[in-house]
file run-v8.pdb (PDB, C-alpha atoms)
ATOM      1  CA  MET A   7      43.802  97.184  11.401
ATOM      2  CA  PRO A   8      41.462  95.969  14.217
ATOM      3  CA  ALA A   9      43.021  94.524  17.350
ATOM      4  CA  ASP A  10      41.320  91.141  16.972
ATOM      5  CA  THR A  11      42.302  90.642  13.328
ATOM      6  CA  ALA A  12      44.453  87.591  14.165
ATOM      7  CA  ALA A  13      41.270  85.729  15.080
ATOM      8  CA  PHE A  14      39.358  86.699  11.940
ATOM      9  CA  SER A  15      39.636  83.352  10.119
ATOM     10  CA  ALA A  16      38.527  81.545  13.285
ATOM     11  CA  ARG A  17      35.566  83.907  13.610
ATOM     12  CA  ILE A  18      34.491  83.114  10.048
ATOM     13  CA  ARG A  19      34.710  79.373  10.668
ATOM     14  CA  GLU A  20      32.784  79.624  13.930
ATOM     15  CA  ALA A  21      30.062  81.840  12.466
ATOM     16  CA  SER A  22      29.530  79.586   9.429
ATOM     17  CA  TRP A  23      29.827  76.201  11.127
ATOM     18  CA  SER A  24      26.087  75.613  11.536
ATOM     19  CA  ARG A  25      25.475  76.610   7.898
ATOM     20  CA  HIS A  26      28.181  74.197   6.815
ATOM     21  CA  GLN A  27      26.700  71.353   8.865
ATOM     22  CA  GLY A  28      23.218  71.892   7.445
ATOM     23  CA  LEU A  29      24.222  72.534   3.839
ATOM     24  CA  ASP A  30      22.381  69.542   2.378
ATOM     25  CA  PRO A  31      18.804  70.853   2.837
ATOM     26  CA  SER A  32      17.323  67.391   3.413
ATOM     27  CA  ALA A  33      18.933  67.390   6.854
ATOM     28  CA  ASP A  34      16.558  70.081   8.159
ATOM     29  CA  ALA A  35      13.351  68.696   6.657
ATOM     30  CA  ALA A  36      10.602  67.408   8.944
ATOM     31  CA  GLU A  37      10.642  64.171   6.966
ATOM     32  CA  PRO A  38      14.136  64.078   5.460
ATOM     33  CA  THR A  39      14.474  62.805   1.918
ATOM     34  CA  PRO A  40      17.859  62.067   0.396
ATOM     35  CA  GLY A  41      19.487  65.148  -1.117
ATOM     36  CA  VAL A  42      22.228  65.536  -3.696
ATOM     37  CA  PHE A  43      25.013  64.832  -1.202
ATOM     38  CA  ASP A  44      23.241  61.818   0.312
ATOM     39  CA  LEU A  45      22.689  60.191  -3.052
ATOM     40  CA  LEU A  46      26.205  60.948  -4.240
ATOM     41  CA  PHE A  47      27.760  59.297  -1.201
ATOM     42  CA  ASP A  48      25.494  56.233  -1.198
ATOM     43  CA  GLY A  49      26.103  55.721  -4.920
ATOM     44  CA  THR A  50      22.535  56.266  -6.133
ATOM     45  CA  LEU A  51      22.810  59.766  -7.637
ATOM     46  CA  SER A  52      22.327  59.276 -11.364
ATOM     47  CA  VAL A  53      25.026  60.571 -13.658
ATOM     48  CA  ASP A  54      22.365  62.797 -15.266
ATOM     49  CA  ASP A  55      21.545  64.481 -11.947
ATOM     50  CA  TYR A  56      25.246  64.729 -11.160
ATOM     51  CA  THR A  57      25.681  66.493 -14.500
ATOM     52  CA  ARG A  58      22.855  68.919 -13.735
ATOM     53  CA  TRP A  59      24.448  69.744 -10.383
ATOM     54  CA  HIS A  60      27.808  70.218 -12.073
ATOM     55  CA  ALA A  61      26.238  72.530 -14.659
ATOM     56  CA  GLN A  62      24.808  74.825 -11.986
ATOM     57  CA  GLN A  63      28.263  75.195 -10.447
ATOM     58  CA  PHE A  64      29.545  76.487 -13.779
ATOM     59  CA  PHE A  65      27.509  79.686 -13.430
ATOM     60  CA  VAL A  66      28.637  80.273  -9.833
ATOM     61  CA  TYR A  67      32.334  79.898 -10.586
ATOM     62  CA  GLU A  68      32.040  81.917 -13.763
ATOM     63  CA  ALA A  69      30.804  84.826 -11.631
ATOM     64  CA  ILE A  70      33.452  84.385  -8.928
ATOM     65  CA  GLU A  71      36.283  84.147 -11.427
ATOM     66  CA  ALA A  72      35.075  87.166 -13.375
ATOM     67  CA  ALA A  73      35.279  89.068 -10.082
ATOM     68  CA  ALA A  74      38.770  87.646  -9.493
ATOM     69  CA  GLU A  75      39.960  89.258 -12.719
ATOM     70  CA  ARG A  76      38.644  92.617 -11.579
ATOM     71  CA  PHE A  77      40.357  92.357  -8.187
ATOM     72  CA  ARG A  78      43.631  90.757  -9.262
ATOM     73  CA  ASP A  79      45.617  93.933  -8.513
ATOM     74  CA  ASP A  80      43.516  95.134  -5.590
ATOM     75  CA  PRO A  81      45.575  95.587  -2.402
ATOM     76  CA  VAL A  82      42.933  93.909  -0.212
ATOM     77  CA  ALA A  83      41.380  91.260  -2.482
ATOM     78  CA  GLY A  84      44.394  90.631  -4.728
ATOM     79  CA  PRO A  85      46.143  88.315  -2.225
ATOM     80  CA  PHE A  86      43.122  85.975  -2.489
ATOM     81  CA  VAL A  87      43.266  85.627  -6.277
ATOM     82  CA  PHE A  88      45.095  82.340  -6.857
ATOM     83  CA  PRO A  89      45.401  81.022 -10.435
ATOM     84  CA  GLU A  90      45.651  77.471  -9.068
ATOM     85  CA  LEU A  91      42.131  77.756  -7.646
ATOM     86  CA  ALA A  92      40.411  78.616 -10.960
ATOM     87  CA  ARG A  93      37.676  76.064 -11.649
ATOM     88  CA  VAL A  94      35.928  77.278 -14.810
ATOM     89  CA  PRO A  95      38.259  75.517 -17.297
ATOM     90  CA  ALA A  96      37.872  72.238 -15.382
ATOM     91  CA  ILE A  97      34.068  72.552 -15.214
ATOM     92  CA  GLU A  98      33.944  73.277 -18.937
ATOM     93  CA  ALA A  99      36.077  70.204 -19.657
ATOM     94  CA  ASP A 100      33.854  68.073 -17.425
ATOM     95  CA  LEU A 101      30.681  69.295 -19.116
ATOM     96  CA  ARG A 102      32.117  68.651 -22.579
ATOM     97  CA  PHE A 103      32.885  65.127 -21.410
ATOM     98  CA  LEU A 104      29.461  64.628 -19.828
ATOM     99  CA  MET A 105      27.292  66.400 -22.401
ATOM    100  CA  GLY A 106      29.323  66.632 -25.577
ATOM    101  CA  PRO A 107      30.655  69.654 -27.493
ATOM    102  CA  LYS A 108      27.250  71.367 -27.544
ATOM    103  CA  TRP A 109      26.985  71.387 -23.745
ATOM    104  CA  ARG A 110      26.624  75.162 -23.436
ATOM    105  CA  SER A 111      23.315  75.064 -25.317
ATOM    106  CA  GLY A 112      21.861  72.680 -22.755
ATOM    107  CA  VAL A 113      22.697  74.385 -19.468
ATOM    108  CA  GLU A 114      20.770  77.245 -17.960
ATOM    109  CA  PRO A 115      20.868  78.576 -14.399
ATOM    110  CA  LEU A 116      18.017  77.608 -12.128
ATOM    111  CA  ALA A 117      16.196  80.519 -10.496
ATOM    112  CA  ALA A 118      18.128  79.798  -7.278
ATOM    113  CA  THR A 119      21.417  79.759  -9.181
ATOM    114  CA  LYS A 120      20.548  83.030 -10.918
ATOM    115  CA  ALA A 121      19.860  84.592  -7.520
ATOM    116  CA  TYR A 122      23.216  83.294  -6.251
ATOM    117  CA  VAL A 123      25.082  84.687  -9.256
ATOM    118  CA  ASP A 124      23.276  88.011  -8.949
ATOM    119  CA  ARG A 125      24.367  88.194  -5.302
ATOM    120  CA  ILE A 126      28.005  87.492  -6.225
ATOM    121  CA  ASP A 127      27.874  90.153  -8.934
ATOM    122  CA  GLU A 128      26.312  92.683  -6.566
ATOM    123  CA  ALA A 129      28.612  91.979  -3.612
ATOM    124  CA  ALA A 130      31.779  91.909  -5.700
ATOM    125  CA  ALA A 131      30.918  94.793  -8.001
ATOM    126  CA  ALA A 132      33.248  97.173  -6.182
ATOM    127  CA  TRP A 133      33.741  95.728  -2.692
ATOM    128  CA  PRO A 134      36.885  93.609  -2.211
ATOM    129  CA  GLY A 135      35.298  91.877   0.765
ATOM    130  CA  GLY A 136      32.473  90.643  -1.452
ATOM    131  CA  TYR A 137      34.906  88.780  -3.652
ATOM    132  CA  ILE A 138      36.837  87.422  -0.660
ATOM    133  CA  ALA A 139      33.655  86.160   1.020
ATOM    134  CA  HIS A 140      32.392  84.230  -1.982
ATOM    135  CA  ALA A 141      35.803  82.939  -3.025
ATOM    136  CA  TYR A 142      36.567  81.768   0.514
ATOM    137  CA  THR A 143      33.239  79.986   0.857
ATOM    138  CA  ARG A 144      33.541  78.032  -2.365
ATOM    139  CA  TYR A 145      37.237  77.332  -2.791
ATOM    140  CA  LEU A 146      38.059  76.340   0.765
ATOM    141  CA  GLY A 147      34.975  74.138   0.696
ATOM    142  CA  ASP A 148      36.236  72.512  -2.499
ATOM    143  CA  LEU A 149      39.593  71.832  -0.873
ATOM    144  CA  SER A 150      37.884  70.343   2.176
ATOM    145  CA  GLY A 151      34.629  68.387   1.896
ATOM    146  CA  GLY A 152      34.643  68.843  -1.867
ATOM    147  CA  GLN A 153      37.466  66.343  -2.119
ATOM    148  CA  ALA A 154      35.100  63.669  -0.820
ATOM    149  CA  PHE A 155      32.640  64.598  -3.588
ATOM    150  CA  GLY A 156      35.350  64.009  -6.173
ATOM    151  CA  LYS A 157      36.234  60.611  -4.719
ATOM    152  CA  ALA A 158      32.570  59.589  -4.689
ATOM    153  CA  ALA A 159      32.073  60.712  -8.304
ATOM    154  CA  ARG A 160      35.118  58.759  -9.474
ATOM    155  CA  ARG A 161      33.979  55.687  -7.558
ATOM    156  CA  ASN A 162      30.340  55.849  -8.673
ATOM    157  CA  TYR A 163      30.802  56.694 -12.334
ATOM    158  CA  GLY A 164      34.247  55.337 -13.101
ATOM    159  CA  PHE A 165      35.708  58.726 -13.991
ATOM    160  CA  GLU A 166      39.469  58.703 -14.371
ATOM    161  CA  GLY A 167      39.932  62.362 -15.248
ATOM    162  CA  GLU A 168      37.316  64.446 -17.001
ATOM    163  CA  GLY A 169      33.922  64.182 -15.417
ATOM    164  CA  ALA A 170      35.350  64.966 -11.993
ATOM    165  CA  SER A 171      38.353  67.130 -12.884
ATOM    166  CA  PHE A 172      36.574  70.015 -11.143
ATOM    167  CA  TYR A 173      37.736  68.462  -7.860
ATOM    168  CA  ASP A 174      41.341  68.028  -8.956
ATOM    169  CA  PHE A 175      43.600  70.883  -7.814
ATOM    170  CA  ALA A 176      46.712  69.643  -9.581
ATOM    171  CA  ASP A 177      48.779  72.719  -8.740
ATOM    172  CA  ILE A 178      48.069  72.529  -5.011
ATOM    173  CA  LYS A 179      50.314  69.845  -3.549
ATOM    174  CA  SER A 180      49.083  70.166   0.034
ATOM    175  CA  PRO A 181      45.489  71.338   0.504
ATOM    176  CA  LYS A 182      46.082  71.696   4.257
ATOM    177  CA  ALA A 183      49.111  73.941   3.792
ATOM    178  CA  PHE A 184      47.245  75.976   1.182
ATOM    179  CA  LYS A 185      44.229  76.441   3.472
ATOM    180  CA  ASP A 186      46.504  77.458   6.336
ATOM    181  CA  GLU A 187      48.120  80.092   4.121
ATOM    182  CA  TYR A 188      44.711  81.313   2.929
ATOM    183  CA  ARG A 189      43.513  81.720   6.522
ATOM    184  CA  SER A 190      46.710  83.527   7.504
ATOM    185  CA  ARG A 191      46.011  86.002   4.700
ATOM    186  CA  LEU A 192      42.495  86.483   6.041
ATOM    187  CA  ASP A 193      43.944  87.276   9.466
ATOM    188  CA  ALA A 194      46.363  89.775   7.906
ATOM    189  CA  ALA A 195      43.856  91.445   5.540
ATOM    190  CA  ASP A 196      43.532  95.201   5.902
ATOM    191  CA  LEU A 197      39.907  95.226   7.002
ATOM    192  CA  THR A 198      38.240  97.282   9.706
ATOM    193  CA  ALA A 199      36.139  95.577  12.363
ATOM    194  CA  ALA A 200      32.990  96.674  10.518
ATOM    195  CA  GLU A 201      34.329  95.308   7.241
ATOM    196  CA  GLN A 202      35.145  91.994   8.911
ATOM    197  CA  ASP A 203      31.597  91.747  10.255
ATOM    198  CA  ARG A 204      30.192  92.571   6.838
ATOM    199  CA  LEU A 205      32.392  89.925   5.207
ATOM    200  CA  ILE A 206      31.212  87.298   7.685
ATOM    201  CA  GLU A 207      27.597  88.155   6.875
ATOM    202  CA  GLU A 208      28.383  87.757   3.181
ATOM    203  CA  VAL A 209      29.887  84.316   3.832
ATOM    204  CA  LEU A 210      26.646  83.293   5.543
ATOM    205  CA  LEU A 211      24.662  84.591   2.558
ATOM    206  CA  ALA A 212      26.876  82.515   0.251
ATOM    207  CA  TYR A 213      26.071  79.406   2.281
ATOM    208  CA  ASP A 214      22.364  80.228   2.144
ATOM    209  CA  HIS A 215      22.423  80.695  -1.625
ATOM    210  CA  ASN A 216      24.335  77.458  -2.108
ATOM    211  CA  GLY A 217      21.773  75.668   0.057
ATOM    212  CA  ALA A 218      18.947  77.117  -2.038
ATOM    213  CA  VAL A 219      20.567  75.770  -5.218
ATOM    214  CA  LEU A 220      20.929  72.322  -3.654
ATOM    215  CA  ALA A 221      17.284  72.423  -2.545
ATOM    216  CA  ALA A 222      16.151  73.341  -6.059
ATOM    217  CA  LEU A 223      18.237  70.526  -7.520
ATOM    218  CA  GLY A 224      16.816  68.152  -4.935
ATOM    219  CA  GLU A 225      13.280  68.908  -6.072
ATOM    220  CA  GLY A 226      14.127  67.701  -9.575
ATOM    221  CA  LEU A 227      16.182  64.609  -8.752
ATOM    222  CA  GLY A 228      15.289  61.737 -11.028
ATOM    223  CA  ARG A 229      12.410  63.600 -12.676
ATOM    224  CA  ASN A 230      13.832  64.480 -16.077
ATOM    225  CA  PRO A 231      13.677  61.474 -18.438
ATOM    226  CA  PHE A 232      16.068  63.111 -20.914
ATOM    227  CA  GLU A 233      19.840  62.928 -20.632
ATOM    228  CA  PRO A 234      21.600  66.309 -20.424
ATOM    229  CA  LYS A 235      23.517  65.519 -23.623
ATOM    230  CA  VAL A 236      20.212  64.972 -25.470
ATOM    231  CA  ILE A 237      18.863  68.267 -24.173
ATOM    232  CA  ALA A 238      22.051  70.059 -25.233
ATOM    233  CA  ALA A 239      21.949  68.578 -28.727
ATOM    234  CA  ILE A 240      18.294  69.451 -29.355
ATOM    235  CA  CYS A 241      18.614  72.967 -27.900
ATOM    236  CA  HIS A 242      21.695  73.579 -30.032
ATOM    237  CA  HIS A 243      19.852  72.366 -33.140
ATOM    238  CA  MET A 244      16.857  74.595 -32.438
ATOM    239  CA  ASN A 245      18.968  77.647 -31.673
ATOM    240  CA  THR A 246      21.339  77.343 -34.622
ATOM    241  CA  ASP A 247      19.215  75.762 -37.354
ATOM    242  CA  HIS A 248      15.707  76.841 -36.363
ATOM    243  CA  ALA A 249      16.123  80.153 -34.553
ATOM    244  CA  ALA A 250      13.227  81.714 -36.486
ATOM    245  CA  ASP A 251      10.953  78.793 -35.590
ATOM    246  CA  THR A 252      11.944  79.112 -31.929
ATOM    247  CA  LEU A 253      10.937  82.773 -32.013
ATOM    248  CA  VAL A 254       7.566  81.879 -33.556
ATOM    249  CA  ILE A 255       6.951  79.351 -30.773
ATOM    250  CA  CYS A 256       7.742  81.913 -28.079
ATOM    251  CA  ARG A 257       5.572  84.553 -29.713
ATOM    252  CA  GLY A 258       2.685  82.148 -30.195
ATOM    253  CA  ALA A 259       2.512  79.311 -27.678
ATOM    254  CA  GLY A 260       4.665  81.286 -25.253
ATOM    255  CA  ASP A 261       2.424  84.363 -25.496
ATOM    256  CA  GLN A 262       5.407  86.703 -25.912
ATOM    257  CA  ARG A 263       4.140  88.593 -28.942
ATOM    258  CA  GLY A 264       6.679  91.385 -28.553
ATOM    259  CA  SER A 265       9.762  89.181 -28.330
ATOM    260  CA  GLU A 266      12.648  90.193 -30.569
ATOM    261  CA  ALA A 267      14.601  86.926 -30.366
ATOM    262  CA  ALA A 268      14.353  83.630 -28.560
ATOM    263  CA  ARG A 269      16.326  80.536 -27.690
ATOM    264  CA  MET A 270      15.476  77.123 -26.325
ATOM    265  CA  THR A 271      17.148  76.568 -22.956
ATOM    266  CA  GLY A 272      15.971  73.106 -21.931
ATOM    267  CA  PHE A 273      13.122  70.657 -21.611
ATOM    268  CA  ASP A 274      11.851  67.756 -19.564
ATOM    269  CA  GLY A 275       8.998  65.295 -19.731
ATOM    270  CA  ASP A 276       6.364  67.947 -19.029
ATOM    271  CA  GLY A 277       7.416  70.837 -21.230
ATOM    272  CA  ALA A 278      10.061  73.023 -22.848
ATOM    273  CA  ASP A 279      11.889  76.084 -21.566
ATOM    274  CA  PHE A 280      12.830  79.114 -23.625
ATOM    275  CA  ALA A 281      14.300  82.565 -23.101
ATOM    276  CA  ALA A 282      12.554  85.316 -25.069
ATOM    277  CA  LEU A 283      14.201  88.691 -25.557
ATOM    278  CA  VAL A 284      11.598  91.344 -24.744
ATOM    279  CA  ASP A 285      12.577  95.023 -24.661
ATOM    280  CA  GLY A 286      16.210  94.013 -24.389
ATOM    281  CA  VAL A 287      15.659  91.688 -21.426
ATOM    282  CA  GLU A 288      15.476  87.897 -21.532
ATOM    283  CA  VAL A 289      12.217  86.550 -20.126
ATOM    284  CA  PRO A 290      11.892  82.854 -19.172
ATOM    285  CA  VAL A 291       9.117  81.048 -21.034
ATOM    286  CA  ARG A 292       7.730  77.648 -20.062
ATOM    287  CA  ILE A 293       5.495  75.807 -22.543
ATOM    288  CA  ARG A 294       3.919  72.514 -21.591
ATOM    289  CA  TRP A 295       3.759  69.568 -23.980
ATOM    290  CA  ALA A 296       0.334  68.327 -25.040
ATOM    291  CA  SER A 297       1.053  65.175 -23.026
ATOM    292  CA  PRO A 298       4.077  63.903 -21.069
ATOM    293  CA  LEU A 299       7.082  62.799 -23.121
ATOM    294  CA  SER A 300       9.689  60.201 -22.207
ATOM    295  CA  GLU A 301      11.541  59.365 -25.439
ATOM    296  CA  ARG A 302      13.816  61.493 -27.598
ATOM    297  CA  ALA A 303      11.826  60.562 -30.722
ATOM    298  CA  GLU A 304       8.732  62.209 -29.220
ATOM    299  CA  VAL A 305      10.333  65.630 -28.892
ATOM    300  CA  ARG A 306      10.571  66.622 -32.551
ATOM    301  CA  PRO A 307       6.867  66.004 -33.381
ATOM    302  CA  GLU A 308       5.856  67.992 -30.328
ATOM    303  CA  ILE A 309       8.062  70.929 -31.298
ATOM    304  CA  VAL A 310       6.625  70.808 -34.836
ATOM    305  CA  ARG A 311       3.135  70.911 -33.313
ATOM    306  CA  LEU A 312       4.040  73.929 -31.194
ATOM    307  CA  PHE A 313       5.461  75.722 -34.219
ATOM    308  CA  THR A 314       2.481  74.927 -36.439
ATOM    309  CA  GLU A 315      -0.080  76.016 -33.858
ATOM    310  CA  SER A 316       1.926  79.133 -33.004
ATOM    311  CA  LYS A 317       2.235  80.148 -36.647
ATOM    312  CA  ALA A 318      -1.521  79.732 -37.140
ATOM    313  CA  ALA A 319      -2.324  81.712 -33.981
ATOM    314  CA  LEU A 320      -0.044  84.553 -35.015
ATOM    315  CA  ALA A 321      -1.570  84.628 -38.499
ATOM    316  CA  ASP A 322      -5.027  84.987 -36.963
ATOM    317  CA  GLY A 323      -3.821  87.952 -34.989
TER     318      GLY A 323
END
call {"tool": "encode", "arguments": {"input": "run-v8.pdb", "output": "structure tokens"}}
result
Amino acid sequence: MPADTAAFSARIREASWSRHQGLDPSADAAEPTPGVFDLLFDGTLSVDDYTRWHAQQFFVYEAIEAAAERFRDDPVAGPFVFPELARVPAIEADLRFLMGPKWRSGVEPLAATKAYVDRIDEAAAAWPGGYIAHAYTRYLGDLSGGQAFGKAARRNYGFEGEGASFYDFADIKSPKAFKDEYRSRLDAADLTAAEQDRLIEEVLLAYDHNGAVLAALGEGLGRNPFEPKVIAAICHHMNTDHAADTLVICRGAGDQRGSEAARMTGFDGDGADFAALVDGVEVPVRIRWASPLSERAEVRPEIVRLFTESKAALADG
């Protein structure tokens, strides 16, 4: 064990402090515009954009908690696998509350979220430090500043339980005592000096990926006229009742002639998003509407148009 291991948790905090301070990307912009955090705290973040932010977190915690299962009995990472930290069940309950029972059909990772998840999967594939770095970054953040997010969500939207249960760590009576114990385990972890340095670098990467997700969400704030629950319901309908039609649309209008299967993953006022399975790999497909849409009643006729035109184009070869 390295001689300076007792200071490891302090080294992590010191190294990541500037990333933590600048996490909301609007703070570093030449002409700052309100970001997700700003709008949440001033009470102007719409519940729809809050839901979209919440949905992106689902994919991140799903990856972290899958890694936790792999490392539960690991001598180095195992001490950092705490059942009371698990967030996926709470996020799922929140999304059911916010979007309805078909919520899973209406959430898809943004490109920035996919990159974040891929990094978690890569770092924690076989390296205990990879899991520790990503778990530390998210969970200790949730027990710190994340508690203010929960209070703001409850205040802004009137949530009394579900909707913001992600921020409720019911089995942790004292967040401060828990964080102190977590940091003491970091200081005692059997890591070489090189492994400690590598773990710190991974923590910084986790902050950077989280910032990229927030930036991507910030670009879309207030721009989607459709509620997440509407998107979930229509995607679920297309994927369960009209899967063949969805495939025709992707092959035709989406120009993925070789696709083997397809699913609708979302839509906004400008177009629809699909995932087409091509050679065993899902390929994102974006198809623009003929003109901007703003009402739910406009979506069905536009999908029918896409199907009809796609079917005709495929028939013509």
call {"tool": "closest_atom_pairs", "arguments": {"input": "run-v8.pdb", "of": "region 100-169 of chain A", "to": "region 285-309 of chain A", "cutoff": "12 Å", "atoms": "only C-alpha atoms", "output": "Markdown table"}}
result
| residue | atom | partner | partner_atom | distance |
| --- | --- | --- | --- | --- |
| A:Glu114 | CA | A:Pro290 | CA | 10.6 |
| A:Pro115 | CA | A:Pro290 | CA | 11.0 |
| A:Leu116 | CA | A:Pro290 | CA | 10.7 |
| A:Ala117 | CA | A:Pro290 | CA | 10.0 |
| A:Lys120 | CA | A:Pro290 | CA | 12.0 |
call {"tool": "write_last_selection", "arguments": {"input": "run-v8.pdb", "atoms": "C-alpha atoms", "output": "mmCIF file, in the coordinates of the input"}}
result
data_model
loop_
_atom_site.group_PDB
_atom_site.id
_atom_site.type_symbol
_atom_site.label_atom_id
_atom_site.label_comp_id
_atom_site.auth_asym_id
_atom_site.auth_seq_id
_atom_site.Cartn_x
_atom_site.Cartn_y
_atom_site.Cartn_z
ATOM 1 C CA GLU A 114 20.770 77.245 -17.960
ATOM 2 C CA PRO A 115 20.868 78.576 -14.399
ATOM 3 C CA LEU A 116 18.017 77.608 -12.128
ATOM 4 C CA ALA A 117 16.196 80.519 -10.496
ATOM 5 C CA LYS A 120 20.548 83.030 -10.918
#
call {"tool": "residues_around", "arguments": {"input": "run-v8.pdb", "residues": "region 248-253 of chain A", "least_positions_apart": "5", "cutoff": "10 Å", "atoms": "only C-alpha atoms", "output": "compact mmCIF listing (two decimals) with C-alpha atoms, in the frame of the given file"}}
result
# COMPACT_ATOMS: atom_id res chain seq x y z
CA CYS A 241 18.61 72.97 -27.90
CA HIS A 242 21.70 73.58 -30.03
CA HIS A 243 19.85 72.37 -33.14
CA GLY A 258 2.68 82.15 -30.20
CA GLY A 260 4.66 81.29 -25.25
CA GLN A 262 5.41 86.70 -25.91
CA ARG A 263 4.14 88.59 -28.94
CA SER A 265 9.76 89.18 -28.33
CA GLU A 266 12.65 90.19 -30.57
CA ALA A 267 14.60 86.93 -30.37
CA ALA A 268 14.35 83.63 -28.56
CA ARG A 269 16.33 80.54 -27.69
CA MET A 270 15.48 77.12 -26.32
CA PHE A 280 12.83 79.11 -23.62
CA ALA A 281 14.30 82.56 -23.10
CA ALA A 282 12.55 85.32 -25.07
CA LEU A 283 14.20 88.69 -25.56
CA ILE A 309 8.06 70.93 -31.30
CA VAL A 310 6.62 70.81 -34.84
CA LEU A 312 4.04 73.93 -31.19
CA PHE A 313 5.46 75.72 -34.22
CA THR A 314 2.48 74.93 -36.44
CA SER A 316 1.93 79.13 -33.00
CA LYS A 317 2.24 80.15 -36.65
call {"tool": "closest_residue", "arguments": {"input": "run-v8.pdb", "among": "A:Val42, A:Leu197, A:Ile18, A:Val87", "to": "Leu220 (chain A)", "atoms": "only C-alpha atoms"}}
result
A:Val42
call {"tool": "resolve_selection", "arguments": {"input": "run-v8.pdb", "expression": "the PyMOL selection byres ((chain A and resi 82) around 10)", "output": "PyMOL selection string"}}
result
chain A and resi 77-81+83-86+133-135+138+191-192+194-197
call {"tool": "closest_residue", "arguments": {"input": "run-v8.pdb", "among": "A:Glu168, A:Ala319, A:Gly49, A:Tyr137", "to": "Ile255 (chain A)", "atoms": "only C-alpha atoms"}}
result
A:Ala319
call {"tool": "resolve_selection", "arguments": {"input": "run-v8.pdb", "expression": "the PyMOL selection byres ((chain A and resi 68) around 10)", "output": "VMD selection string"}}
result
chain A and resid 63 to 67 69 to 74 92 to 95 97 123
call {"tool": "resolve_selection", "arguments": {"input": "run-v8.pdb", "expression": "the PyMOL selection byres ((chain A and resi 17) around 12)", "output": "list of chain:residue names"}}
result
A:Asp10, A:Thr11, A:Ala12, A:Ala13, A:Phe14, A:Ser15, A:Ala16, A:Ile18, A:Arg19, A:Glu20, A:Ala21, A:Ser22, A:Trp23, A:Arg189, A:Leu192, A:Asp193, A:Ala199, A:Gln202, A:Asp203, A:Leu205, A:Ile206, A:Glu207, A:Val209
call {"tool": "atom_distance", "arguments": {"input": "run-v8.pdb", "atom1": "CA of Gly167 (chain A)", "atom2": "CA of Ser111 (chain A)"}}
result
23.2 Å
call {"tool": "closest_residue", "arguments": {"input": "run-v8.pdb", "among": "A:Trp109, A:Phe155, A:Tyr213, A:Tyr145", "to": "Ile237 (chain A)", "atoms": "only C-alpha atoms"}}
result
A:Trp109
call {"tool": "residues_around", "arguments": {"input": "run-v8.pdb", "residues": "Ser171 (chain A)", "least_positions_apart": "2", "cutoff": "9 Å", "atoms": "all atoms listed in the file", "output": "list in words"}}
result
Ala96, Ile97, Ala99, Asp100, Gly156, Phe165, Glu166, Gly167, Glu168, Gly169, Tyr173, Asp174 and Phe175 of chain A
call {"tool": "atom_distance", "arguments": {"input": "run-v8.pdb", "atom1": "CA of Phe47 (chain A)", "atom2": "CA of Glu233 (chain A)"}}
result
21.3 Å
call {"tool": "closest_residue", "arguments": {"input": "run-v8.pdb", "among": "A:Leu104, A:Val254, A:Ala159, A:Asp276", "to": "Ala321 (chain A)", "atoms": "only C-alpha atoms"}}
result
A:Val254
call {"tool": "residues_around", "arguments": {"input": "run-v8.pdb", "residues": "Ser150 (chain A)", "least_positions_apart": "2", "cutoff": "12 Å", "atoms": "all atoms listed in the file", "output": "ChimeraX atom specification"}}
result
/A:26,142-148,152-156,173-175,180-186
call {"tool": "atom_distance", "arguments": {"input": "run-v8.pdb", "atom1": "CA of Asp124 (chain A)", "atom2": "CA of Ala139 (chain A)"}}
result
14.5 Å
call {"tool": "residues_near_point", "arguments": {"input": "run-v8.pdb", "point": "(28.9, 61.9, -8.2)", "cutoff": "10 Å", "atoms": "all atoms listed in the file", "output": "ChimeraX atom specification"}}
result
/A:42-43,45-57,59-60,154-165,169-170
call {"tool": "closest_residue", "arguments": {"input": "run-v8.pdb", "among": "A:Gly41, A:Pro107, A:Arg204, A:Ala121", "to": "Asn216 (chain A)", "atoms": "only C-alpha atoms"}}
result
A:Ala121
call {"tool": "closest_residue", "arguments": {"input": "run-v8.pdb", "among": "A:His140, A:Arg229, A:Lys179, A:Lys235", "to": "Glu208 (chain A)", "atoms": "only C-alpha atoms"}}
result
A:His140
call {"tool": "decode", "arguments": {"input": "run-v8.pdb", "residues": "region 119-125 of chain A", "atoms": "N, CA and C atoms", "output": "short mmCIF file (atom, residue, chain, number, x, y, z; two decimals), in the first residue's frame"}}
result
data_model
loop_
_atom_site.label_atom_id
_atom_site.label_comp_id
_atom_site.auth_asym_id
_atom_site.auth_seq_id
_atom_site.Cartn_x
_atom_site.Cartn_y
_atom_site.Cartn_z
N THR A 119 -24.76 10.68 -23.55
CA THR A 119 -25.05 9.67 -22.53
C THR A 119 -24.49 8.32 -22.95
N LYS A 120 -24.66 7.99 -24.23
CA LYS A 120 -24.12 6.71 -24.74
C LYS A 120 -22.61 6.67 -24.57
N ALA A 121 -21.95 7.80 -24.84
CA ALA A 121 -20.50 7.85 -24.66
C ALA A 121 -20.12 7.67 -23.19
N TYR A 122 -20.90 8.25 -22.29
CA TYR A 122 -20.67 8.12 -20.86
C TYR A 122 -20.83 6.66 -20.44
N VAL A 123 -21.91 6.04 -20.86
CA VAL A 123 -22.16 4.64 -20.51
C VAL A 123 -21.06 3.74 -21.08
N ASP A 124 -20.66 4.00 -22.31
CA ASP A 124 -19.60 3.21 -22.92
C ASP A 124 -18.31 3.32 -22.11
N ARG A 125 -18.04 4.54 -21.59
CA ARG A 125 -16.83 4.73 -20.78
C ARG A 125 -16.92 3.94 -19.47
#
